[in-house]
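> I am sharing data18.pdb, which consists of PDB, C-alpha atoms, pLDDT in the B column:
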ATOM      1  CA  MET A 708     205.661  91.796 163.412  1.00 45.00           C
ATOM      2  CA  ASN A 709     202.678  94.064 163.950  1.00 48.00           C
ATOM      3  CA  ASN A 710     204.900  97.049 163.429  1.00 52.00           C
ATOM      4  CA  GLU A 711     206.119  95.675 160.132  1.00 54.00           C
ATOM      5  CA  LYS A 712     202.604  95.025 158.819  1.00 56.00           C
ATOM      6  CA  GLY A 713     201.388  98.310 160.198  1.00 54.00           C
ATOM      7  CA  GLY A 714     204.344 100.060 158.641  1.00 61.00           C
ATOM      8  CA  ASP A 715     203.702  98.354 155.305  1.00 72.00           C
ATOM      9  CA  LEU A 716     200.075  99.356 155.418  1.00 70.00           C
ATOM     10  CA  MET A 717     200.919 102.950 156.273  1.00 70.00           C
ATOM     11  CA  GLY A 718     203.444 103.065 153.476  1.00 73.00           C
ATOM     12  CA  TYR A 719     200.870 101.707 151.056  1.00 73.00           C
ATOM     13  CA  LEU A 720     198.217 104.183 152.176  1.00 73.00           C
ATOM     14  CA  GLU A 721     200.682 107.036 151.854  1.00 77.00           C
ATOM     15  CA  SER A 722     201.540 105.967 148.309  1.00 77.00           C
ATOM     16  CA  ILE A 723     197.905 106.208 147.144  1.00 81.00           C
ATOM     17  CA  ASN A 724     197.044 109.367 145.278  1.00 81.00           C
ATOM     18  CA  TRP A 725     193.886 110.394 147.143  1.00 82.00           C
ATOM     19  CA  ASP A 726     193.275 113.355 144.850  1.00 85.00           C
ATOM     20  CA  ILE A 727     192.732 111.028 141.878  1.00 87.00           C
ATOM     21  CA  ILE A 728     190.353 108.834 143.882  1.00 86.00           C
ATOM     22  CA  LYS A 729     188.451 111.888 145.104  1.00 86.00           C
ATOM     23  CA  LYS A 730     188.231 113.235 141.544  1.00 90.00           C
ATOM     24  CA  ASP A 731     186.985 109.876 140.185  1.00 88.00           C
ATOM     25  CA  LEU A 732     184.370 109.611 142.924  1.00 90.00           C
ATOM     26  CA  GLN A 733     183.151 113.148 142.258  1.00 92.00           C
ATOM     27  CA  GLU A 734     182.911 112.478 138.510  1.00 91.00           C
ATOM     28  CA  GLY A 735     180.994 109.246 139.128  1.00 91.00           C
ATOM     29  CA  LEU A 736     178.649 111.017 141.515  1.00 91.00           C
ATOM     30  CA  GLU A 737     178.048 113.851 139.041  1.00 91.00           C
ATOM     31  CA  LYS A 738     177.344 111.391 136.202  1.00 91.00           C
ATOM     32  CA  GLY A 739     175.004 109.415 138.425  1.00 91.00           C
ATOM     33  CA  MET A 740     173.144 112.534 139.508  1.00 91.00           C
ATOM     34  CA  ALA A 741     172.834 113.713 135.898  1.00 90.00           C
ATOM     35  CA  ALA A 742     171.437 110.324 134.847  1.00 91.00           C
ATOM     36  CA  MET A 743     169.030 110.348 137.775  1.00 92.00           C
ATOM     37  CA  LYS A 744     167.843 113.889 136.935  1.00 91.00           C
ATOM     38  CA  GLN A 745     167.291 112.858 133.317  1.00 91.00           C
ATOM     39  CA  GLY A 746     165.302 109.828 134.458  1.00 91.00           C
ATOM     40  CA  VAL A 747     163.137 111.989 136.707  1.00 91.00           C
ATOM     41  CA  ILE A 748     162.460 114.404 133.840  1.00 92.00           C
ATOM     42  CA  VAL A 749     161.445 111.537 131.538  1.00 91.00           C
ATOM     43  CA  ALA A 750     159.194 110.031 134.226  1.00 91.00           C
ATOM     44  CA  GLN A 751     157.577 113.405 134.882  1.00 91.00           C
ATOM     45  CA  LYS A 752     156.854 113.954 131.182  1.00 90.00           C
ATOM     46  CA  LYS A 753     155.387 110.470 130.869  1.00 90.00           C
ATOM     47  CA  ALA A 754     153.177 111.068 133.920  1.00 91.00           C
ATOM     48  CA  GLU A 755     151.952 114.326 132.373  1.00 90.00           C
ATOM     49  CA  GLU A 756     151.188 112.542 129.086  1.00 90.00           C
ATOM     50  CA  LEU A 757     149.243 109.830 130.893  1.00 91.00           C
ATOM     51  CA  THR A 758     147.331 112.429 132.881  1.00 92.00           C
ATOM     52  CA  GLU A 759     146.384 114.289 129.713  1.00 90.00           C
ATOM     53  CA  GLU A 760     145.369 111.042 128.010  1.00 91.00           C
ATOM     54  CA  GLY A 761     143.222 110.144 131.022  1.00 91.00           C
ATOM     55  CA  LYS A 762     141.498 113.524 130.882  1.00 91.00           C
ATOM     56  CA  ARG A 763     140.908 113.117 127.150  1.00 92.00           C
ATOM     57  CA  GLN A 764     139.421 109.648 127.616  1.00 93.00           C
ATOM     58  CA  TYR A 765     137.175 110.929 130.422  1.00 94.00           C
ATOM     59  CA  LYS A 766     135.861 113.730 128.204  1.00 94.00           C
ATOM     60  CA  ILE A 767     135.135 111.250 125.410  1.00 94.00           C
ATOM     61  CA  LEU A 768     133.325 108.937 127.826  1.00 95.00           C
ATOM     62  CA  THR A 769     131.259 111.848 129.162  1.00 95.00           C
ATOM     63  CA  LEU A 770     130.293 112.911 125.641  1.00 95.00           C
ATOM     64  CA  LYS A 771     129.304 109.349 124.743  1.00 95.00           C
ATOM     65  CA  ALA A 772     127.101 109.195 127.836  1.00 96.00           C
ATOM     66  CA  ARG A 773     125.434 112.452 126.774  1.00 96.00           C
ATOM     67  CA  ILE A 774     124.836 110.974 123.302  1.00 95.00           C
ATOM     68  CA  HIS A 775     123.276 107.924 124.910  1.00 96.00           C
ATOM     69  CA  GLU A 776     120.911 110.167 126.886  1.00 96.00           C
ATOM     70  CA  ALA A 777     120.038 112.163 123.767  1.00 95.00           C
ATOM     71  CA  VAL A 778     119.292 108.985 121.807  1.00 95.00           C
ATOM     72  CA  ASN A 779     117.005 107.883 124.624  1.00 96.00           C
ATOM     73  CA  ASP A 780     115.261 111.278 124.461  1.00 94.00           C
ATOM     74  CA  LEU A 781     114.982 110.939 120.698  1.00 94.00           C
ATOM     75  CA  GLY A 782     113.388 107.504 120.969  1.00 93.00           C
ATOM     76  CA  ALA A 783     110.945 108.705 123.615  1.00 93.00           C
ATOM     77  CA  LYS A 784     110.012 111.735 121.521  1.00 92.00           C
ATOM     78  CA  ALA A 785     109.537 109.651 118.362  1.00 92.00           C
ATOM     79  CA  TYR A 786     107.446 107.111 120.255  1.00 92.00           C
ATOM     80  CA  ALA A 787     105.266 109.832 121.723  1.00 91.00           C
ATOM     81  CA  LEU A 788     104.683 111.360 118.296  1.00 90.00           C
ATOM     82  CA  MET A 789     103.875 108.074 116.617  1.00 91.00           C
ATOM     83  CA  SER A 790     101.803 106.443 119.348  1.00 89.00           C
ATOM     84  CA  GLY A 791      99.190 109.150 119.780  1.00 81.00           C
ATOM     85  CA  THR A 792      95.661 109.021 118.427  1.00 84.00           C
ATOM     86  CA  ARG A 793      96.886 111.034 115.458  1.00 88.00           C
ATOM     87  CA  PRO A 794     100.402 109.706 114.648  1.00 90.00           C
ATOM     88  CA  LYS A 795     102.821 112.309 113.354  1.00 91.00           C
ATOM     89  CA  ASN A 796     105.979 112.013 111.303  1.00 90.00           C
ATOM     90  CA  PRO A 797     108.914 112.420 113.770  1.00 89.00           C
ATOM     91  CA  ALA A 798     111.202 113.715 111.020  1.00 89.00           C
ATOM     92  CA  LEU A 799     109.047 116.834 110.714  1.00 92.00           C
ATOM     93  CA  ASP A 800     108.947 117.620 114.453  1.00 91.00           C
ATOM     94  CA  ALA A 801     111.085 120.543 115.700  1.00 94.00           C
ATOM     95  CA  GLY A 802     111.863 118.745 118.986  1.00 93.00           C
ATOM     96  CA  VAL A 803     113.204 115.729 117.102  1.00 93.00           C
ATOM     97  CA  LYS A 804     115.321 118.006 114.902  1.00 94.00           C
ATOM     98  CA  ASP A 805     116.747 119.727 118.007  1.00 96.00           C
ATOM     99  CA  ILE A 806     117.709 116.389 119.543  1.00 94.00           C
ATOM    100  CA  MET A 807     119.289 115.268 116.256  1.00 95.00           C
ATOM    101  CA  ALA A 808     121.314 118.493 116.099  1.00 96.00           C
ATOM    102  CA  ARG A 809     122.448 117.966 119.707  1.00 96.00           C
ATOM    103  CA  ILE A 810     123.573 114.409 118.885  1.00 95.00           C
ATOM    104  CA  LYS A 811     125.491 115.560 115.813  1.00 96.00           C
ATOM    105  CA  ASP A 812     127.208 118.280 117.860  1.00 96.00           C
ATOM    106  CA  LEU A 813     128.251 115.761 120.508  1.00 95.00           C
ATOM    107  CA  GLU A 814     129.533 113.371 117.819  1.00 95.00           C
ATOM    108  CA  ALA A 815     131.612 116.203 116.319  1.00 95.00           C
ATOM    109  CA  GLN A 816     133.109 116.934 119.747  1.00 94.00           C
ATOM    110  CA  ILE A 817     134.034 113.268 120.157  1.00 94.00           C
ATOM    111  CA  ALA A 818     135.686 113.259 116.735  1.00 93.00           C
ATOM    112  CA  ILE A 819     137.803 116.236 117.796  1.00 92.00           C
ATOM    113  CA  PHE A 820     138.908 114.543 121.020  1.00 87.00           C
ATOM    114  CA  GLU A 821     139.600 111.238 119.318  1.00 88.00           C
ATOM    115  CA  GLY A 822     141.693 113.013 116.720  1.00 85.00           C
ATOM    116  CA  SER A 823     143.710 114.857 119.370  1.00 68.00           C
ATOM    117  CA  GLY A 824     145.122 111.718 121.029  1.00 58.00           C
ATOM    118  CA  SER A 825     148.810 110.862 120.726  1.00 49.00           C
ATOM    119  CA  GLU A 826     147.743 107.782 118.801  1.00 50.00           C
ATOM    120  CA  ALA A 827     144.295 107.226 117.406  1.00 45.00           C
ATOM    121  CA  SER A 828     142.719 104.364 119.283  1.00 46.00           C
ATOM    122  CA  PRO A 829     141.475 101.394 117.284  1.00 44.00           C
ATOM    123  CA  LYS A 830     137.925 102.294 118.314  1.00 47.00           C
ATOM    124  CA  ALA A 831     138.351 105.804 116.906  1.00 46.00           C
ATOM    125  CA  ARG A 832     139.208 104.577 113.435  1.00 46.00           C
ATOM    126  CA  PRO A 833     136.359 103.550 111.173  1.00 48.00           C
ATOM    127  CA  LYS A 834     136.377  99.832 110.516  1.00 49.00           C
ATOM    128  CA  ALA A 835     136.927  98.709 106.965  1.00 48.00           C
ATOM    129  CA  ARG A 836     134.032  96.635 105.808  1.00 48.00           C
ATOM    130  CA  LYS A 837     134.798  93.429 104.034  1.00 52.00           C
ATOM    131  CA  LYS A 838     132.830  92.812 100.887  1.00 51.00           C
ATOM    132  CA  LYS A 839     131.302  89.407 100.550  1.00 52.00           C
ATOM    133  CA  LEU A 840     132.272  87.661  97.381  1.00 54.00           C
ATOM    134  CA  ILE A 841     129.483  85.378  96.265  1.00 52.00           C
TER     135      ILE A 841
END
Before anything else, please render the file you have as structure tokens.

Amino acid sequence: MNNEKGGDLMGYLESINWDIIKKDLQEGLEKGMAAMKQGVIVAQKKAEELTEEGKRQYKILTLKARIHEAVNDLGAKAYALMSGTRPKNPALDAGVKDIMARIKDLEAQIAIFEGSGSEASPKARPKARKKKLI
């Protein structure tokens, strides 16, 4: 009985067209590899985009910190001018004008970076002001 079953199995295995199976397996493997390569390419591009966005956000944060420092300098300078024995108009002082120019330059740099993002962040867009109807 073992010989009969073994013979039937051998006959069945001999009747299978192994070339077709091999071809189908190779095609499936090639399609799978192509899909995997495409997925890796997409993931790599996304990682690059996120890296660039992170760098952009870091530069914006650094510029905002520099503006904060300049505003502190401006306040200190204005206070010093106005609190002396002979108060002076801060708007006429060259040091105040220099600090103001530095702040405006930093704000312009931020505007450039905020405009270069893939999507403008909600914080980058000016808020529409609602008019009060009374």
> Considering only C-alpha atoms, state which residue in the set A:Met740, A:Leu781, A:Ile774, A:Val749 is at the smallest distance from Asp812 in chain A.
A:Ile774
> Provide the CA of Gln745 in chain A to CA of Gly761 in chain A distance in Å, to one decimal place.
24.3 Å
> List the neighbours of range 792-802 of chain A out to 10 Å using only C-alpha atoms; skip same-chain residues closer than 6 positions along the sequence, and give me the result as a ChimeraX atom specification.
/A:780-782,784-786,808
> Interatomic distance between CA of Ala742 in chain A and CA of Lys729 in chain A?
19.9 Å
> Decode the PyMOL selection byres ((chain A and resi 777) around 12) for the given file into explicit residues and return them as an NGL selection string.
:A and (770-776 or 778-784 or 802-814)
> Would you pick out the contacts of Ile767 in chain A at 8 Å or less, using all atoms listed in the file, so that residues sharing its chain but fewer than 5 positions from it are not included, and give the list as a ChimeraX atom specification?
/A:817,820-821
> Record the distance separating CA of Thr769 in chain A and CA of Ile819 in chain A, expressed in Å with one decimal.
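Pair CA of Thr769 in chain A / CA of Ile819 in chain A returns 13.8 Å.
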> Could the centre and edge lengths of an axis-aligned box, enclosing all atoms of range 807-818 of chain A in the file with 4 Å extra on each side, be given in Å to one decimal as JSON?

{"center_x": 127.5, "center_y": 115.9, "center_z": 118.2, "size_x": 24.4, "size_y": 13.2, "size_z": 12.7}
> So, counting all atoms listed in the file, which residue among A:Gln816, A:Trp725, A:Ala741, A:Glu734 is closest to Leu768 in chain A?
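With all atoms listed in the file as the atom set, the closest residue is A:Gln816.
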